[in-house]
Amino acid sequence: MNLDTVIHPGDNKYPAVIFIHGLGMDKNIWVNPASSRILGGMFPLSVLLKSQLSPGEKSAGMKTLYDDLMERGYPVVTWSQKRPAGPIDAAVLELDEIVRIAVNLSKSGIILVGHSRGGLIARKYLMVNPQDMRGLMTISTPHKGSSVAGFSKYVSPLVSKITPVIPAGEKGTLAFSVKKIIEFLRSRALKELLPESDFFRSLHDSPFDHISYASIGGTDPTLFTVFNFCFPDAFEKVIPQRFYPEEMKEGKGDGLVTAESSRMPWESDHHDYACNHAGILFDEEVKKNLIEKIEEIG
């Protein structure tokens with residue numbers, strides 16, 4: 001299939017770990033964060049990591065779970081989906097090819113780690129290909145769907161009202177940022193993640209006794225801040241509560257996925273952390289939790 005992969009062989013006594021990126025991202029979210037882009041490829045990752053970066057620090061120095069496991073000798077594999085904003089089923093076919101690579105790297109089976117939509121890709125794959133699998137771990141995955149795709153129609157009219165009160169030097173930055181966010185929220189790919197989508201109607205998976213399950217969720221909905229304007233927090237005061245998504249409420253979600261939705265239906269271990277949708281991948285406590293779970297498996 002000629003996929004764009006990154007493979008670290010490691011020690012075959014450990015399970016091989018496959019990393020699956022989320023919607024609109026690529027393999028760099030795991031292996032080279034400084035060059036990764038998020039929210040449909042519209043922003044450099046550093047935009048969503050400001051709260052975790054100390055003054056002067058760059059995302060280039062940040063390590064992911066991929067790095068941590070590689071240093072511990074685990075075989076690790078990831079790839080860039082050919083259609084990162086395409087249908088989930090297309091990515092499932094690619095995952096099958098990646099699993100064939102991983103099988104040859106380990107005598108102890110395979111662990112799947114999916115961020116955001118990547119966790120749903122893994123679940124769909126396991127519906128028909130559970131063999132060789134030892135574990136499934138999901139990070140900020142919308143297991144019950146996400147309702148944020150309907151949020152853009154309420155945000156658009158407010159942008160013109162907010163812009164005049166922003167200093168001239170910040171207007172371009174804020175207008176561009178919000179515009180790109182709205183484009184992402186309106187995307188066809190994101191609509192596949194709505195709770196009532198055809199994808200969720202087709203997801204009839206169930207747990208397997210030989211597979212360990214764990215999930216992680218976030219509770220900090222602030223995606224970015226420009227001139228003290230926090231997206232999406234600033235809109236909570238002007239949008240009727242009945243229309244404001246739970247994903248974007250403090251303590252309820254990570255900006256795109258609710259903590260409740262991030263809980264895998266049959267997980268044996270779930271934890272929530274005060275992180276947004278991207279920052280959760282770099283949180284030291286999150287990584288420590290997942291490493292301990294992986295080490296328990298093998």
# chains A, B, ... in the order shown; residues from 1 in each chain; ligands from 1
call {"tool": "residues_around", "arguments": {"residues": "range 244-254 of chain A", "least_positions_apart": "6", "cutoff": "6 Å", "atoms": "only C-alpha atoms", "output": "short mmCIF file (atom, residue, chain, number, x, y, z; two decimals) with C-alpha atoms, in the first residue's frame"}}
result
data_model
loop_
_atom_site.label_atom_id
_atom_site.label_comp_id
_atom_site.auth_asym_id
_atom_site.auth_seq_id
_atom_site.Cartn_x
_atom_site.Cartn_y
_atom_site.Cartn_z
CA GLY A 218 -9.29 15.53 29.18
CA THR A 219 -11.16 18.21 31.14
CA ASP A 220 -9.50 21.47 30.00
CA PRO A 221 -11.47 22.84 27.02
CA ASN A 276 -6.87 19.92 26.22
CA HIS A 277 -7.27 17.73 23.16
#
call {"tool": "residues_around", "arguments": {"residues": "range 121-135 of chain A", "least_positions_apart": "4", "cutoff": "7 Å", "atoms": "only C-alpha atoms", "output": "list in words"}}
result
Ile88, Ala91, Val92, Gly109, Ile110, Ile111, Leu112, Gly114, Arg117, Leu203, Asp205, His210, Ile211, Ser212 and Tyr213 of chain A
call {"tool": "write_last_selection", "arguments": {"atoms": "N, CA and C atoms", "output": "mmCIF file, in the first residue's frame"}}
result
data_model
loop_
_atom_site.group_PDB
_atom_site.id
_atom_site.type_symbol
_atom_site.label_atom_id
_atom_site.label_comp_id
_atom_site.auth_asym_id
_atom_site.auth_seq_id
_atom_site.Cartn_x
_atom_site.Cartn_y
_atom_site.Cartn_z
ATOM 1 N N ILE A 88 -13.277 6.929 8.137
ATOM 2 C CA ILE A 88 -12.593 6.036 9.067
ATOM 3 C C ILE A 88 -12.292 4.693 8.432
ATOM 4 N N ALA A 91 -8.954 4.405 6.766
ATOM 5 C CA ALA A 91 -7.821 4.273 7.689
ATOM 6 C C ALA A 91 -7.758 2.872 8.281
ATOM 7 N N VAL A 92 -8.892 2.212 8.435
ATOM 8 C CA VAL A 92 -8.928 0.844 8.958
ATOM 9 C C VAL A 92 -8.177 -0.093 8.014
ATOM 10 N N GLY A 109 2.814 -10.188 20.695
ATOM 11 C CA GLY A 109 1.570 -9.570 20.272
ATOM 12 C C GLY A 109 1.676 -8.071 20.066
ATOM 13 N N ILE A 110 0.506 -7.436 19.969
ATOM 14 C CA ILE A 110 0.426 -6.027 19.561
ATOM 15 C C ILE A 110 -0.474 -5.242 20.512
ATOM 16 N N ILE A 111 -0.085 -4.009 20.783
ATOM 17 C CA ILE A 111 -0.904 -3.063 21.543
ATOM 18 C C ILE A 111 -1.210 -1.879 20.637
ATOM 19 N N LEU A 112 -2.467 -1.497 20.536
ATOM 20 C CA LEU A 112 -2.880 -0.341 19.746
ATOM 21 C C LEU A 112 -3.078 0.861 20.669
ATOM 22 N N GLY A 114 -4.487 4.743 20.296
ATOM 23 C CA GLY A 114 -5.127 5.688 19.390
ATOM 24 C C GLY A 114 -5.462 7.002 20.061
ATOM 25 N N ARG A 117 -9.737 10.357 17.012
ATOM 26 C CA ARG A 117 -10.377 9.439 16.067
ATOM 27 C C ARG A 117 -9.578 8.155 15.893
ATOM 28 N N LEU A 203 -20.850 0.651 14.283
ATOM 29 C CA LEU A 203 -19.853 0.200 15.249
ATOM 30 C C LEU A 203 -20.495 -0.752 16.256
ATOM 31 N N ASP A 205 -18.951 -3.350 18.008
ATOM 32 C CA ASP A 205 -17.855 -4.138 18.565
ATOM 33 C C ASP A 205 -18.153 -4.537 20.004
ATOM 34 N N HIS A 210 -8.892 -11.653 25.838
ATOM 35 C CA HIS A 210 -7.432 -11.644 25.754
ATOM 36 C C HIS A 210 -6.848 -10.249 25.528
ATOM 37 N N ILE A 211 -7.708 -9.230 25.471
ATOM 38 C CA ILE A 211 -7.253 -7.861 25.224
ATOM 39 C C ILE A 211 -7.487 -6.993 26.459
ATOM 40 N N SER A 212 -6.467 -6.233 26.861
ATOM 41 C CA SER A 212 -6.597 -5.283 27.968
ATOM 42 C C SER A 212 -7.025 -3.928 27.400
ATOM 43 N N TYR A 213 -7.902 -3.251 28.115
ATOM 44 C CA TYR A 213 -8.439 -1.976 27.638
ATOM 45 C C TYR A 213 -8.180 -0.861 28.651
#
call {"tool": "atom_distance", "arguments": {"atom1": "CA of Asn12 in chain A", "atom2": "CA of Val103 in chain A"}}
result
9.8 Å
call {"tool": "closest_residue", "arguments": {"among": "A:Gly298, A:Pro240, A:Gly119, A:Gly279", "to": "Lys63 in chain A", "atoms": "only C-alpha atoms"}}
result
A:Gly279
call {"tool": "atom_distance", "arguments": {"atom1": "CA of Ser215 in chain A", "atom2": "CA of Glu267 in chain A"}}
result
6.5 Å
